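> Quick one: structure below, then a few questions.
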Amino acid sequence: MHRIFKEKVNKLFGINRFSERVDNLNVKITSFKNKRVAEFLHQLTPTFRTKPFSNGEFPKVTIPAFFKQLSREELAEVLRAMFSADGAVVLGVKFHKTKRRWVFTRRISLASAHPVLREQIAELLREKFEMNPKIWKNEIVFDEKEDIIKFHKEIRFVDGVKISRKSKNWTGFEKNEILEFLIKTFELKKKDLEKFKSREEIIAFLKSFLTTPVSGADRAQVSTG
């Protein structure tokens with residue numbers, strides 16, 4: 001993501017000087033400062049602040065209007081970057097007390113604290129991709145099989161982007177690697193999980209099919225100061 005960020009900024013604005021640092025959460029940050037770029041970006045949206053003010057009100061932010069004019073393929077690239085930076089792929093198991101059996105937990109999510117942005121992004125997904133995203137608190141979520149398969153086919157994550165340390169089971173694995181594995185679990189039968197006695201046994205079984213992960217959590221940002 002850092003490499004792509006630098007390449008795109010250089011191509012669009014001719015910027016080739018960047019600052020890199022690691023914050024107190026051990027997250028690598030790549031940034032640059034340029035008034036001309038900041039002024040251009042503010043023509044696309046009134047503000048880049050998404051956190052609420054001290055009075056609880058949210059800033060009047062909106063996605064750029066031209067997003068709606070993008071082709072399906074172009075918008076998929078934009079969403080791929082969004083989900084790669086602030087999205088997650090979730091694959092877990094839980095014991096369903098009513099059905100008395102183990103079931104998979106599968107979902108794709110995009111973190112978004114701003115209620116307007118959540119709805120606008122969800123609307124794009126509905127209109128352009130015929131998906132049915134759910135609006136959760138601070139998240140846009142796909143947890144239906146059809147939507148997850150469509151996400152896997154048309155959007156996906158940027159290759160090489162890894163899951164952060166916040167994941168209980170998949171830290172360090174590539175997001176696309178877990179996404180591919182999640183899709184394969186749709187082929188499993190109910191009886192395939194019956195032999196396991198605990199969640200840990202099932203996760204260990206799933207991990208046995210994956211390569212050894214490499215830990216790390218990175219993100220890229222642009223400073224408009």
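We label chains A, B, ... in the order they appear in the structure tokens, count residues from 1 in each chain, and number ligands from 1 in the order shown.
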Quick one: everything within 12 Å of region 171-180 of chain A, counting only C-alpha atoms, minus sequence neighbours fewer than 6 positions away in the same chain. Send it as number ranges by chain.
A: 80, 83-92, 106-109, 148-153, 155-165, 186, 206-207, 209-218
> Let's see if you can do this: from backbone DSSP, list all strand (DSSP E) residues in region 59-156 of chain A, as an MDAnalysis selection string.
chainID A and resid 87:96 101:111 134:136 139:142
> When distances are computed from only C-alpha atoms, which of A:Glu154, A:Glu200, A:Glu187, A:Glu73 shows the smallest separation from Asn169 (chain A)?
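Among A:Glu154, A:Glu200, A:Glu187, A:Glu73, it is A:Glu200 that comes nearest to Asn169 (chain A).
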> One number please: CA of Val37 (chain A) to CA of Val22 (chain A), in Å, one decimal.
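Here the two named atoms are 23.6 Å from each other.
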> Quick one, how far is CA of Phe104 (chain A) from CA of Thr185 (chain A)?
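For CA of Phe104 (chain A) relative to CA of Thr185 (chain A), the distance reads 8.3 Å.
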> Just the residues within 12 Å of region 45-53 of chain A, please, counting only C-alpha atoms, with nothing from its chain fewer than 3 positions along; format it as JSON, numbers by chain.
{"A": [38, 39, 40, 41, 42, 56, 57, 58, 59, 60, 61, 62, 63, 64, 65, 66, 67, 111, 112, 113, 114, 115, 116, 117, 118, 138, 221, 222, 223, 224, 225]}
> Please produce an output containing C-alpha atoms for each residue in the selection, written as a compact mmCIF listing (two decimals), in the first residue's frame.

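part.txt written:
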# COMPACT_ATOMS: atom_id res chain seq x y z
CA ALA A 38 -4.43 20.08 -0.38
CA GLU A 39 -6.30 22.82 -2.24
CA PHE A 40 -7.05 20.46 -5.13
CA LEU A 41 -8.34 17.72 -2.84
CA HIS A 42 -10.58 20.16 -1.01
CA GLY A 56 -21.08 15.36 19.04
CA GLU A 57 -21.83 16.73 15.57
CA PHE A 58 -20.09 15.19 12.57
CA PRO A 59 -18.29 17.37 10.01
CA LYS A 60 -20.05 17.84 6.69
CA VAL A 61 -17.96 15.40 4.70
CA THR A 62 -19.04 13.61 1.54
CA ILE A 63 -17.50 11.25 -1.00
CA PRO A 64 -16.40 13.00 -4.24
CA ALA A 65 -19.30 13.44 -6.66
CA PHE A 66 -17.36 11.92 -9.56
CA PHE A 67 -17.40 8.51 -7.82
CA ALA A 111 -14.70 0.59 9.08
CA SER A 112 -16.38 3.99 8.76
CA ALA A 113 -17.28 6.10 11.79
CA HIS A 114 -19.07 8.83 9.81
CA PRO A 115 -22.79 7.99 9.26
CA VAL A 116 -23.03 9.91 5.97
CA LEU A 117 -19.97 8.22 4.49
CA ARG A 118 -21.26 4.80 5.58
CA ASN A 138 -19.06 2.16 12.56
CA GLN A 221 -1.96 8.70 4.79
CA VAL A 222 -1.75 12.10 3.17
CA SER A 223 -1.20 15.20 5.29
CA THR A 224 -2.88 18.32 3.95
CA GLY A 225 -1.28 20.71 6.39
> May I ask which of the residues A:Asp192, A:Glu119, A:Glu77, A:Glu127 is the closest one to Glu139 (chain A), counting only C-alpha atoms?
A:Glu119
> Work out how far CA of Lys145 (chain A) is from CA of Val78 (chain A), in Å to one decimal.
22.6 Å
> Please return, as a PyMOL selection string, all residues of region 43-218 of chain A that DSSP assigns to helix (DSSP H, G or I) on the basis of the backbone.
chain A and resi 65-69+72-86+115-129+145-154+175-185+190-193+199-207
> May I ask which of the residues A:Phe13, A:Phe181, A:Phe5, A:Trp102 is the closest one to Thr30 (chain A), counting only C-alpha atoms?
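Nearest to Thr30 (chain A): A:Phe5.
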